[in-house]
Amino acid sequence: MSAFCRYLSVTLCLLMLNAAQAATPVIELEIRDHLFIPEEISIPANTKVKLVVYNRDATPEEFESYELNREKVILGGNKANIFIGPLTPGVYPFFGEFNPRTAQGRVVVE
Amino acid sequence: MQFRIKRWGISLVMGMSLSAGVLADGSVVDKVYHPYVEQLEWELEWRTVQAYNAPSSVESRQATHRVGLGRAVSEFLFAEAYLIGREGSDSAFSVDAWELEALWQLSEQGEFLLDYGVLFELEKYRHEEIWEYATTLLLERELGRFSATANLGVIYEWGDDIEDEFETAAALQARYRHSPLIEPALELYLGEDTRALGPMLQGVARLGSRQALRWEAGVVWGLDATTADYTLRGVLEYEF
């Protein structure tokens, strides 16, 4: 089998595995006046969650968290989808890199 | 000791079922790419790869340096241009190639079982009629504090000064996210003339709002006779 066919086979298998993903719970979050609202969100342990983050400010903001392993820029007036988890119980802080003094939040996994 | 390393490395290669299909010409030790784009980001990069052989060999040292400037042109697309210089134990440093690169993020991080991206690279030698084009599939999976990354590339070389041919290459990385400043990893590179395995460290230092300095430093040892005895590699990226 040629190298190209091997790559194609592997890629198709991976795409089929991805198609079998279950529905993911959705939690909405806002950025307003350089604050995350709410600043604390709770999610269940060992569950993948989709955060829909609306940036209501006119300026961009970046959702950043080393603990969650996520960095995502959200332009002013736009929204972004951020998938987190499955996570073990604990507190996972995040902040806005454009306004780190005010834009602070945390994900509480219970 | 060297024999043990080689035997272990070859077993690992066979276990990953990539050995026969992932072969590339020349050294493929370079950098492991991650399938993510950070919107609005600019990046100034210096990258070096230095391969060392026994002093008795024809060329005991060969070094490649890249200087690049890149920019995220959209939420999911990052473009970068490089100048490439090379030097060796029997040749002086000269800038002998340029390269254009585009990284396309195909999925949101964590959305699927694997995160996907694809990398397109076009390289042209300045003083020779040699072109090289590569398409590389970038895959990443987060497992708690570990991240596993695979780069699977298909390369086409053509021009009057080179034999036209397709090649393949692979780079695999297992990384532990210990802290932003230090993340240890193990890397495996596979190509026609490359079978190399070794550790690396990487980290990022925040320099202020939207400014950071990323670094990588690693060494890989050759697992067969055609690969350099050891190869040092390093990256410095100023992100702004």
# chains A, B, ... in the order shown; residues from 1 in each chain; ligands from 1

call {"tool": "interface_residues", "arguments": {"of": "chain B", "to": "chain A", "cutoff": "6 Å", "atoms": "only C-alpha atoms", "output": "PDB file with N, CA and C atoms, in the first residue's frame"}}
result
ATOM      1  N   GLY B  21       5.632   3.478   6.082  1.00  0.00           N
ATOM      2  CA  GLY B  21       4.961   4.488   5.278  1.00  0.00           C
ATOM      3  C   GLY B  21       5.461   5.887   5.454  1.00  0.00           C
ATOM      4  N   GLN B  39      -5.650  34.312  16.918  1.00  0.00           N
ATOM      5  CA  GLN B  39      -6.042  35.457  16.102  1.00  0.00           C
ATOM      6  C   GLN B  39      -5.331  36.731  16.562  1.00  0.00           C
ATOM      7  N   GLY B 110     -10.265  20.886  21.349  1.00  0.00           N
ATOM      8  CA  GLY B 110     -11.083  20.100  22.269  1.00  0.00           C
ATOM      9  C   GLY B 110     -12.451  19.729  21.759  1.00  0.00           C
ATOM     10  N   GLU B 111     -12.814  20.180  20.547  1.00  0.00           N
ATOM     11  CA  GLU B 111     -14.168  19.916  20.041  1.00  0.00           C
ATOM     12  C   GLU B 111     -14.349  18.436  19.697  1.00  0.00           C
ATOM     13  N   PHE B 112     -13.337  17.850  19.104  1.00  0.00           N
ATOM     14  CA  PHE B 112     -13.429  16.458  18.667  1.00  0.00           C
ATOM     15  C   PHE B 112     -12.413  15.598  19.423  1.00  0.00           C
ATOM     16  N   LEU B 113     -12.423  14.346  19.068  1.00  0.00           N
ATOM     17  CA  LEU B 113     -11.469  13.419  19.677  1.00  0.00           C
ATOM     18  C   LEU B 113     -10.029  13.885  19.449  1.00  0.00           C
TER      19      LEU B 113
END

call {"tool": "residues_around", "arguments": {"residues": "Glu157 of chain B", "least_positions_apart": "6", "cutoff": "10 Å", "atoms": "only C-alpha atoms", "output": "PyMOL selection string"}}
result
chain B and resi 25+122-124+130-134+163-167

call {"tool": "residues_around", "arguments": {"residues": "Ala72 of chain B", "least_positions_apart": "5", "cutoff": "9 Å", "atoms": "only C-alpha atoms", "output": "MDAnalysis selection string"}}
result
chainID B and resid 37:43 77:80

call {"tool": "closest_residue", "arguments": {"among": "B:Glu128, B:Asp90, B:Glu121, B:Glu142", "to": "Ser57 of chain B", "atoms": "only C-alpha atoms"}}
result
B:Asp90

call {"tool": "select_by_dssp", "arguments": {"residues": "segment 3-234 of chain B", "states": "strand (DSSP E)", "output": "number ranges by chain"}}
result
B: 42-52, 61-72, 77-88, 91-105, 115-125, 131-143, 146-158, 165-176, 183-191, 194-208, 211-222, 230-234

call {"tool": "residues_around", "arguments": {"residues": "Leu207 of chain B", "least_positions_apart": "2", "cutoff": "12 Å", "atoms": "only C-alpha atoms", "output": "list in words"}}
result
Glu97 of chain A; Val204, Ala205, Ser209, Arg210, Gln211, Ala212, Leu213, Arg214, Tyr238, Glu239 and Phe240 of chain B

call {"tool": "residues_around", "arguments": {"residues": "segment 102-110 of chain A", "least_positions_apart": "5", "cutoff": "6 Å", "atoms": "only C-alpha atoms", "output": "PyMOL selection string"}}
result
chain A and resi 34-36+39-45+89-96
